[in-house]
Each structure stands twice: as structure tokens, then as C-alpha cells.
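Have a look at the structure below, then the notes.
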Amino acid sequence: MQPEAFTPDIDSGIPIPERDALPEMSDEEEVIVRANTAKLIADLTGTELAPTEADRETARDIFRNATRAKLPLSAYPNETIAYLAGMVSMYDGMVVRELADLKMYVVNKLIEETSSKDAKVRLTALKALGEVDGVDAFKKRTEITVQQKSTEEIEAELMSRLEKLTVDMGAVEEVENEDEGDDDDADA
């Protein structure tokens with residue numbers, strides 16, 4: 001036995017508030033509110049809220065375009081708004097306003113591509129995900145160790161290295177230059 005559909009009592013002649021009369025909401029908040037309302041009405045009336053492929057494509061188009069200059073959200077069918085709300089919650093943001101949102105969108109799209117049937121696409125997506133800042137699966141790291149030494153230790157080390165570099169020439173004999181002495185006599 002199927003439950004009887006409930007149709008709420010709706011007063012006639014009451015105008016729907018204009019967009020300006022509603023509290024200030026972001027696009028994301030408006031989509032969620034509209035989708036929740038559509039879902040609640042569908043549940044109360046026992047109707048199914050099933051988006052068609054056309055509804056899905058329209059929702060994808062709204063999601064991709066930051067400015068919806070064509071129509072306000074209220075002009076779209078409930079099924080389109082419900083699908084759009086799912087996309088918004090899945091991607092955690094409807095419009096790319098900050099780089100963090102863009103990064104999240106790119107990461108989500110890469111995650112989708114990792115389930116592709118084409119192995120090349122999967123591998124490329126996984127490689128790109130590994131290079132994302134924060135994941136850093138392929139990041140090369142270089143460690144630098146700094147040793148602190150006293151001045152005496154550094155001098156001893158330098159002297160040791162200098163001794164290794166010097167060549168022993170044997171005994172050196174000092175020879176006086178006799179020509180130098182002749183120059184002194186000539187001047188006198």
C-alpha cells in the first residue's frame with residue numbers, strides 16, 4: 001500500500017517575494033536554499049525530483065559560467081536547481097572567486113579523470129595529482145646540514161689543508177746577488 005501524497009494548503013493571491021526582499025545570499029547559498037525547497041515540496045507532494053539530461057547540461061552550464069547573465073536561478077526548473085545543488089556541494093563551490101576554489105575544482109576534476117577507462121588518461125591525472133601542492137608525491141628534496149665550528153677548529157682545518165697543498169722543494173740555499181753590491185759602489 002502506497003502512502004497518500006500530501007498536498008500542502010497554499011493560499012492564493014499572495015505574491016512571491018521579489019529577489020530584493022530576500023536576505024542577502026551568495027550564489028552558492030541561493031542554490032542550496034532553492035534546492036532544499038524544491039526537495040521539500042517534492043517530498044511533501046510525493047513527486048519524484050529526477051533531472052533529465054537537458055536539466056543536467058543546463059546545470060553544468062550554470063556551474064561553468066561565473067555570471068548567469070541569461071536568467072536568474074528562479075527561472076530554472078526545480079530538477080535543474082537540484083542537480084546544480086548537488087554539483088555545488090560536490091565541488092564545494094559554484095563560482096571560482098579565489099585561487100583556492102580554482103585549485104579545489106582542478107583537483108576534483110583530476111580525481112574524476114583517475115577513474116577513466118583509458119590508462120593514459122588515468123596515469124596523467126594521477127601524475128598531475130601527485131604534483132599538487134600539499135600532495136607533493138614527486139617533489140625532490142635537498143637536505144643541507146650546517147655544522148657550527150669554532151674559529152680555532154676552522155683555522156686548524158685550513159692549516160691542515162694548506163700543508164697538504166704545499167710541495168717540499170728540499171733545502172733552499174740563499175744566494176746573494178753580487179750585482180747588487182756593484183751598484184752601490186758605482187753610486188759612491
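The way I read the labels, and the way they are meant: chains A, B, ... in the order of the C-alpha cells, residue 1 as the first residue of every chain, and ligand 1 as the first ligand shown, with later ones counted on from there.
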
(Q) At a cut-off of 12 Å, using only C-alpha atoms, what residues contact Leu40 in chain A? Leave out same-chain residues fewer than 3 positions from it and give the result as number ranges by chain. (A) A: 6-8, 33-37, 43-49, 78, 82

Q) Do you know which residues are at most 7 Å from range 54-56 of chain A counting only C-alpha atoms, after dropping those on the same chain fewer than 5 positions away, and could you put them as an NGL selection string? A) :A and (79-80 or 83)

Can you write out the residues you just picked, keeping C-alpha atoms, as a short mmCIF file (atom, residue, chain, number, x, y, z; two decimals), in the first residue's frame?
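The resulting result-v6.cif:
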data_model
loop_
_atom_site.label_atom_id
_atom_site.label_comp_id
_atom_site.auth_asym_id
_atom_site.auth_seq_id
_atom_site.Cartn_x
_atom_site.Cartn_y
_atom_site.Cartn_z
CA GLU A 79 15.23 19.48 -11.36
CA THR A 80 17.97 21.72 -12.80
CA TYR A 83 21.22 18.85 -9.88
#

Q) Near Ile32 in chain A, counting only C-alpha atoms, which residues have an atom at most 12 Å away, once you skip same-chain residues fewer than 2 positions from it, shown as a PyMOL selection string? A) chain A and resi 25-30+34-39+73+78+81-90+92-94

Q: Once DSSP has gone over the backbone, tell me which residues of range 45-80 of chain A are in alpha helix (DSSP H), as a list of chain:residue names.
A: A:Thr45, A:Glu53, A:Ala54, A:Asp55, A:Arg56, A:Glu57, A:Thr58, A:Ala59, A:Arg60, A:Asp61, A:Ile62, A:Phe63, A:Arg64, A:Asn78, A:Glu79, A:Thr80

What does the file look like for those residues with C-alpha atoms, as an mmCIF file, in the first residue's frame?
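The resulting file, part.cif, is shown below:
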data_model
loop_
_atom_site.group_PDB
_atom_site.id
_atom_site.type_symbol
_atom_site.label_atom_id
_atom_site.label_comp_id
_atom_site.auth_asym_id
_atom_site.auth_seq_id
_atom_site.Cartn_x
_atom_site.Cartn_y
_atom_site.Cartn_z
ATOM 1 C CA THR A 45 3.685 16.057 -2.667
ATOM 2 C CA GLU A 53 19.878 15.043 -19.356
ATOM 3 C CA ALA A 54 18.823 18.529 -20.522
ATOM 4 C CA ASP A 55 18.480 19.606 -16.859
ATOM 5 C CA ARG A 56 21.945 18.227 -16.125
ATOM 6 C CA GLU A 57 23.504 20.032 -19.079
ATOM 7 C CA THR A 58 21.841 23.306 -18.089
ATOM 8 C CA ALA A 59 23.128 22.870 -14.516
ATOM 9 C CA ARG A 60 26.653 22.177 -15.823
ATOM 10 C CA ASP A 61 26.437 25.318 -17.962
ATOM 11 C CA ILE A 62 25.354 27.422 -14.977
ATOM 12 C CA PHE A 63 28.145 25.881 -12.894
ATOM 13 C CA ARG A 64 30.819 26.628 -15.516
ATOM 14 C CA ASN A 78 13.455 22.504 -9.836
ATOM 15 C CA GLU A 79 15.235 19.482 -11.361
ATOM 16 C CA THR A 80 17.973 21.723 -12.803
#

Q) Could you work out how far CA of Val167 in chain A lies from CA of Ile154 in chain A, giving the answer in Å with one decimal? A) 22.1 Å

Q: Report the distance between CA of Ala42 in chain A and CA of Pro77 in chain A in Å, rounded to one decimal place.
A: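 So the answer is 12.5 Å.
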
**Q.** Separation of CA of Glu155 in chain A from CA of Met169 in chain A in Å
**A.** 24.5 Å
